[in-house]
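K.L.:
One file: run.pdb (PDB, C-alpha atoms).
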MODEL        1
ATOM      1  CA  MET C   1      80.297  94.651  66.597
ATOM      2  CA  THR C   2      78.614  93.506  69.786
ATOM      3  CA  ALA C   3      76.867  95.429  72.538
ATOM      4  CA  ASP C   4      79.754  94.814  74.946
ATOM      5  CA  ARG C   5      81.891  97.172  72.870
ATOM      6  CA  CYS C   6      79.863 100.135  74.054
ATOM      7  CA  HIS C   7      78.306 101.396  77.236
ATOM      8  CA  VAL C   8      75.558 103.930  77.832
ATOM      9  CA  GLU C   9      75.091 105.316  81.317
ATOM     10  CA  VAL C  10      72.227 107.585  82.299
ATOM     11  CA  LEU C  11      73.190 109.677  85.300
ATOM     12  CA  ASP C  12      70.681 111.089  87.742
ATOM     13  CA  GLN C  13      68.285 113.470  86.083
ATOM     14  CA  GLN C  14      67.931 116.834  87.798
ATOM     15  CA  ASP C  15      65.976 119.945  86.874
ATOM     16  CA  GLY C  16      64.855 118.365  83.604
ATOM     17  CA  VAL C  17      68.397 117.607  82.432
ATOM     18  CA  ARG C  18      69.289 113.997  81.625
ATOM     19  CA  VAL C  19      73.004 113.287  81.394
ATOM     20  CA  VAL C  20      73.949 110.415  79.079
ATOM     21  CA  VAL C  21      77.523 109.114  79.009
ATOM     22  CA  MET C  22      78.586 107.267  75.858
ATOM     23  CA  THR C  23      81.654 105.017  75.952
ATOM     24  CA  GLY C  24      83.043 102.797  73.192
ATOM     25  CA  GLU C  25      81.943 101.946  69.670
ATOM     26  CA  PHE C  26      78.376 102.599  68.511
ATOM     27  CA  ASP C  27      76.689 101.134  65.440
ATOM     28  CA  LEU C  28      73.462  99.489  64.269
ATOM     29  CA  ASP C  29      74.094  96.311  66.267
ATOM     30  CA  ASN C  30      74.222  98.048  69.633
ATOM     31  CA  ALA C  31      72.126 101.201  69.209
ATOM     32  CA  GLY C  32      69.268 100.095  71.493
ATOM     33  CA  PRO C  33      70.562 101.417  74.836
ATOM     34  CA  LEU C  34      71.450 104.790  73.304
ATOM     35  CA  ARG C  35      68.026 105.022  71.658
ATOM     36  CA  LEU C  36      66.353 104.368  75.036
ATOM     37  CA  ALA C  37      68.538 106.881  76.882
ATOM     38  CA  LEU C  38      67.811 109.627  74.313
ATOM     39  CA  ASP C  39      64.098 108.968  73.932
ATOM     40  CA  PRO C  40      62.671 112.197  72.456
ATOM     41  CA  GLN C  41      59.429 111.575  74.363
ATOM     42  CA  ALA C  42      61.067 111.048  77.772
ATOM     43  CA  GLU C  43      58.882 112.561  80.492
ATOM     44  CA  GLY C  44      60.305 115.425  82.498
ATOM     45  CA  VAL C  45      63.325 115.905  80.230
ATOM     46  CA  ARG C  46      63.903 119.314  78.701
ATOM     47  CA  ARG C  47      67.572 118.781  77.788
ATOM     48  CA  PHE C  48      69.912 115.903  77.066
ATOM     49  CA  VAL C  49      73.570 116.429  77.890
ATOM     50  CA  VAL C  50      75.592 113.754  76.142
ATOM     51  CA  ASP C  51      79.173 113.148  77.242
ATOM     52  CA  VAL C  52      80.912 112.044  74.017
ATOM     53  CA  THR C  53      84.499 112.192  75.261
ATOM     54  CA  GLU C  54      84.988 108.406  75.254
ATOM     55  CA  VAL C  55      83.251 107.586  71.960
ATOM     56  CA  ALA C  56      85.675 105.411  69.966
ATOM     57  CA  PHE C  57      83.391 105.030  66.936
ATOM     58  CA  ALA C  58      79.993 106.356  65.866
ATOM     59  CA  ASP C  59      78.166 105.622  62.636
ATOM     60  CA  SER C  60      75.164 107.112  60.853
ATOM     61  CA  ILE C  61      72.719 105.238  63.120
ATOM     62  CA  THR C  62      74.297 106.934  66.120
ATOM     63  CA  LEU C  63      73.973 110.294  64.406
ATOM     64  CA  THR C  64      70.333 109.552  63.578
ATOM     65  CA  ILE C  65      69.569 108.764  67.237
ATOM     66  CA  LEU C  66      71.230 111.997  68.355
ATOM     67  CA  LEU C  67      69.334 113.993  65.733
ATOM     68  CA  GLN C  68      65.995 112.389  66.616
ATOM     69  CA  ALA C  69      66.495 113.485  70.216
ATOM     70  CA  THR C  70      66.692 117.109  69.014
ATOM     71  CA  LEU C  71      63.179 116.923  67.570
ATOM     72  CA  ALA C  72      61.661 117.462  71.001
ATOM     73  CA  ARG C  73      64.543 118.399  73.307
ATOM     74  CA  ASP C  74      67.730 120.416  73.386
ATOM     75  CA  VAL C  75      70.822 118.228  72.990
ATOM     76  CA  VAL C  76      74.222 119.374  74.223
ATOM     77  CA  LEU C  77      77.317 117.396  73.262
ATOM     78  CA  ALA C  78      79.667 117.707  76.219
ATOM     79  CA  GLY C  79      83.369 117.170  76.531
ATOM     80  CA  SER C  80      86.082 116.969  73.939
ATOM     81  CA  GLN C  81      84.680 115.494  70.730
ATOM     82  CA  PRO C  82      86.828 112.699  69.312
ATOM     83  CA  SER C  83      88.112 113.634  65.854
ATOM     84  CA  HIS C  84      86.064 110.997  63.986
ATOM     85  CA  LEU C  85      82.835 112.172  65.655
ATOM     86  CA  ALA C  86      83.648 115.829  65.011
ATOM     87  CA  GLN C  87      84.313 114.974  61.350
ATOM     88  CA  LEU C  88      80.993 113.067  61.042
ATOM     89  CA  LEU C  89      79.129 116.048  62.517
ATOM     90  CA  ARG C  90      80.963 118.525  60.310
ATOM     91  CA  LEU C  91      80.527 116.536  57.067
ATOM     92  CA  THR C  92      76.791 116.109  57.620
ATOM     93  CA  GLY C  93      76.185 119.654  58.857
ATOM     94  CA  ALA C  94      74.923 118.249  62.161
ATOM     95  CA  ASP C  95      77.526 120.271  64.033
ATOM     96  CA  ARG C  96      75.119 123.220  63.618
ATOM     97  CA  VAL C  97      72.243 121.316  65.227
ATOM     98  CA  PHE C  98      73.812 120.518  68.590
ATOM     99  CA  ALA C  99      75.000 122.861  71.285
ATOM    100  CA  ALA C 100      78.508 122.078  72.518
ATOM    101  CA  ALA C 101      79.978 122.438  75.987
ATOM    102  CA  PRO C 102      83.488 121.754  77.272
ATOM    103  CA  SER C 103      82.140 119.714  80.201
ATOM    104  CA  VAL C 104      79.012 117.980  81.430
ATOM    105  CA  ALA C 105      78.622 120.528  84.235
ATOM    106  CA  GLU C 106      78.680 123.398  81.745
ATOM    107  CA  GLY C 107      76.322 121.538  79.417
ATOM    108  CA  CYS C 108      73.825 121.211  82.254
ATOM    109  CA  SER C 109      73.924 124.873  83.233
ATOM    110  CA  MET C 110      74.507 126.726  79.957
ATOM    111  CA  VAL C 111      71.781 129.001  78.662
ATOM    112  CA  LEU C 112      70.462 127.949  75.270
ATOM    113  CA  PRO C 113      68.380 130.036  72.884
ATOM    114  CA  PRO C 114      64.652 129.246  72.886
ATOM    115  CA  ARG C 115      63.651 126.335  70.650
ATOM    116  CA  PRO C 116      61.679 127.355  67.566
ATOM    117  CA  ALA C 117      57.988 126.468  67.652
ATOM    118  CA  ARG C 118      57.163 123.242  65.839
TER
ENDMDL
END
For the file at hand, write its structure as C-alpha cells.

P.N.:
Amino acid sequence: MTADRCHVEVLDQQDGVRVVVMTGEFDLDNAGPLRLALDPQAEGVRRFVVDVTEVAFADSITLTILLQATLARDVVLAGSQPSHLAQLLRLTGADRVFAAAPSVAEGCSMVLPPRPAR
C-alpha cells in the first residue's frame, strides 16, 4: 500500500485542540504523516480530535499511533466510525480509551473527565 492511498490533514489548531482528518487506507507503509499529526509531545495541544469518518482501512500500526497520542493528550474520535475500525477498537478494548463524538465540532467542545495523573 502506498502513501497516496491515504491522506492526513491537520486543520487549524484553536484553544489547544488539534483537528486531524484521516482519509483512506492506513498501514505501516504510510503511517508517517499520521504519526506526525498525532505527536504526543506537540506543543500547545491539549486534545486531538480525529475525524475517522473516511477511514477505509486501519491496521494495528494505526491503532498504536492513536494509542500513543493518548499517553499525553486526550484523543476524541469524531464522526461515524467505519465498521472495520469500530471492530478493531472493540476487539482490542481500545474503544474504552478514546472519547467519541458524533462530529468534529462536538469533539472540540465536549467536556472530558480530568486525565489521571501519570

K.L.:
What's around Val75 (chain C) at 8 Å? Count all atoms listed in the file, leave out sequence neighbours fewer than 4 positions away in its own chain, and write the answer as a list in words.

P.N.:
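Near neighbours after the sequence-gap exclusion: Arg47, Phe48, Val49, Val50, Leu66, Ala69, Thr70, Phe98 and Ala99 of chain C.
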
K.L.:
In Å, with one decimal, what is the gap from CA of Phe26 (chain C) to CA of Val111 (chain C)?

P.N.:
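For CA of Phe26 (chain C) relative to CA of Val111 (chain C), the distance reads 29.0 Å.
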
K.L.:
Please provide as a PDB file with C-alpha atoms, in the frame of the given file all residues within 7 Å of region 101-105 of chain C, with the sequence filter that same-chain residues fewer than 2 positions apart are discarded (counting only C-alpha atoms).

P.N.:
ATOM      1  CA  VAL C  49      73.570 116.429  77.890  1.00  0.00           C
ATOM      2  CA  ASP C  51      79.173 113.148  77.242  1.00  0.00           C
ATOM      3  CA  VAL C  76      74.222 119.374  74.223  1.00  0.00           C
ATOM      4  CA  LEU C  77      77.317 117.396  73.262  1.00  0.00           C
ATOM      5  CA  ALA C  78      79.667 117.707  76.219  1.00  0.00           C
ATOM      6  CA  GLY C  79      83.369 117.170  76.531  1.00  0.00           C
ATOM      7  CA  SER C  80      86.082 116.969  73.939  1.00  0.00           C
ATOM      8  CA  ALA C  99      75.000 122.861  71.285  1.00  0.00           C
ATOM      9  CA  GLY C 107      76.322 121.538  79.417  1.00  0.00           C
ATOM     10  CA  CYS C 108      73.825 121.211  82.254  1.00  0.00           C
ATOM     11  CA  SER C 109      73.924 124.873  83.233  1.00  0.00           C
TER      12      SER C 109
END

K.L.:
Evaluate the PyMOL selection byres ((chain C and resi 89) around 12) here and jot the selected residues down as a PyMOL selection string.

P.N.:
chain C and resi 58-60+62-64+66-67+77+81-88+90-100

K.L.:
Measuring atom to atom with all atoms listed in the file, identify which of C:Pro113, C:Glu106, C:Val10, C:Gly24 is nearest to Asp39 (chain C).

P.N.:
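Counting all atoms listed in the file, the residue closest to Asp39 (chain C) is C:Val10.
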
K.L.:
For the PyMOL selection byres ((chain C and resi 35) around 10), applied here, can you spell out every residue it catches as a list in words?

P.N.:
Val8, Asn30, Ala31, Gly32, Pro33, Leu34, Leu36, Ala37, Leu38, Asp39, Pro40, Ile61, Thr62, Thr64, Ile65, Leu66, Gln68 and Ala69 of chain C

K.L.:
Pick the closest to Arg115 (chain C) from C:Val20, C:Arg46, C:His7, C:Val52: which is it, counting all atoms listed in the file?

P.N.:
C:Arg46

K.L.:
I'd like to know which of C:Phe57, C:Gly16, C:Glu25, C:Arg73 is closest to Asp4 (chain C), using only C-alpha atoms.

P.N.:
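Once distances to Asp4 (chain C) are computed over only C-alpha atoms, the minimum belongs to C:Glu25.
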
K.L.:
Give me, please, the distance in Å between CA of Asp29 (chain C) and CA of Asp12 (chain C), quoted to one decimal.

P.N.:
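That distance, rounded to one decimal, is 26.3 Å.
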
K.L.:
Contacts of Gln13 (chain C) at 9 Å or less, counting all atoms listed in the file, minus same-chain residues fewer than 6 places along, as a PDB file with C-alpha atoms, keeping the file's coordinate frame?

P.N.:
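The new file part-v2.pdb reads:
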ATOM      1  CA  VAL C  19      73.004 113.287  81.394  1.00  0.00           C
ATOM      2  CA  GLY C  44      60.305 115.425  82.498  1.00  0.00           C
ATOM      3  CA  VAL C  45      63.325 115.905  80.230  1.00  0.00           C
TER       4      VAL C  45
END
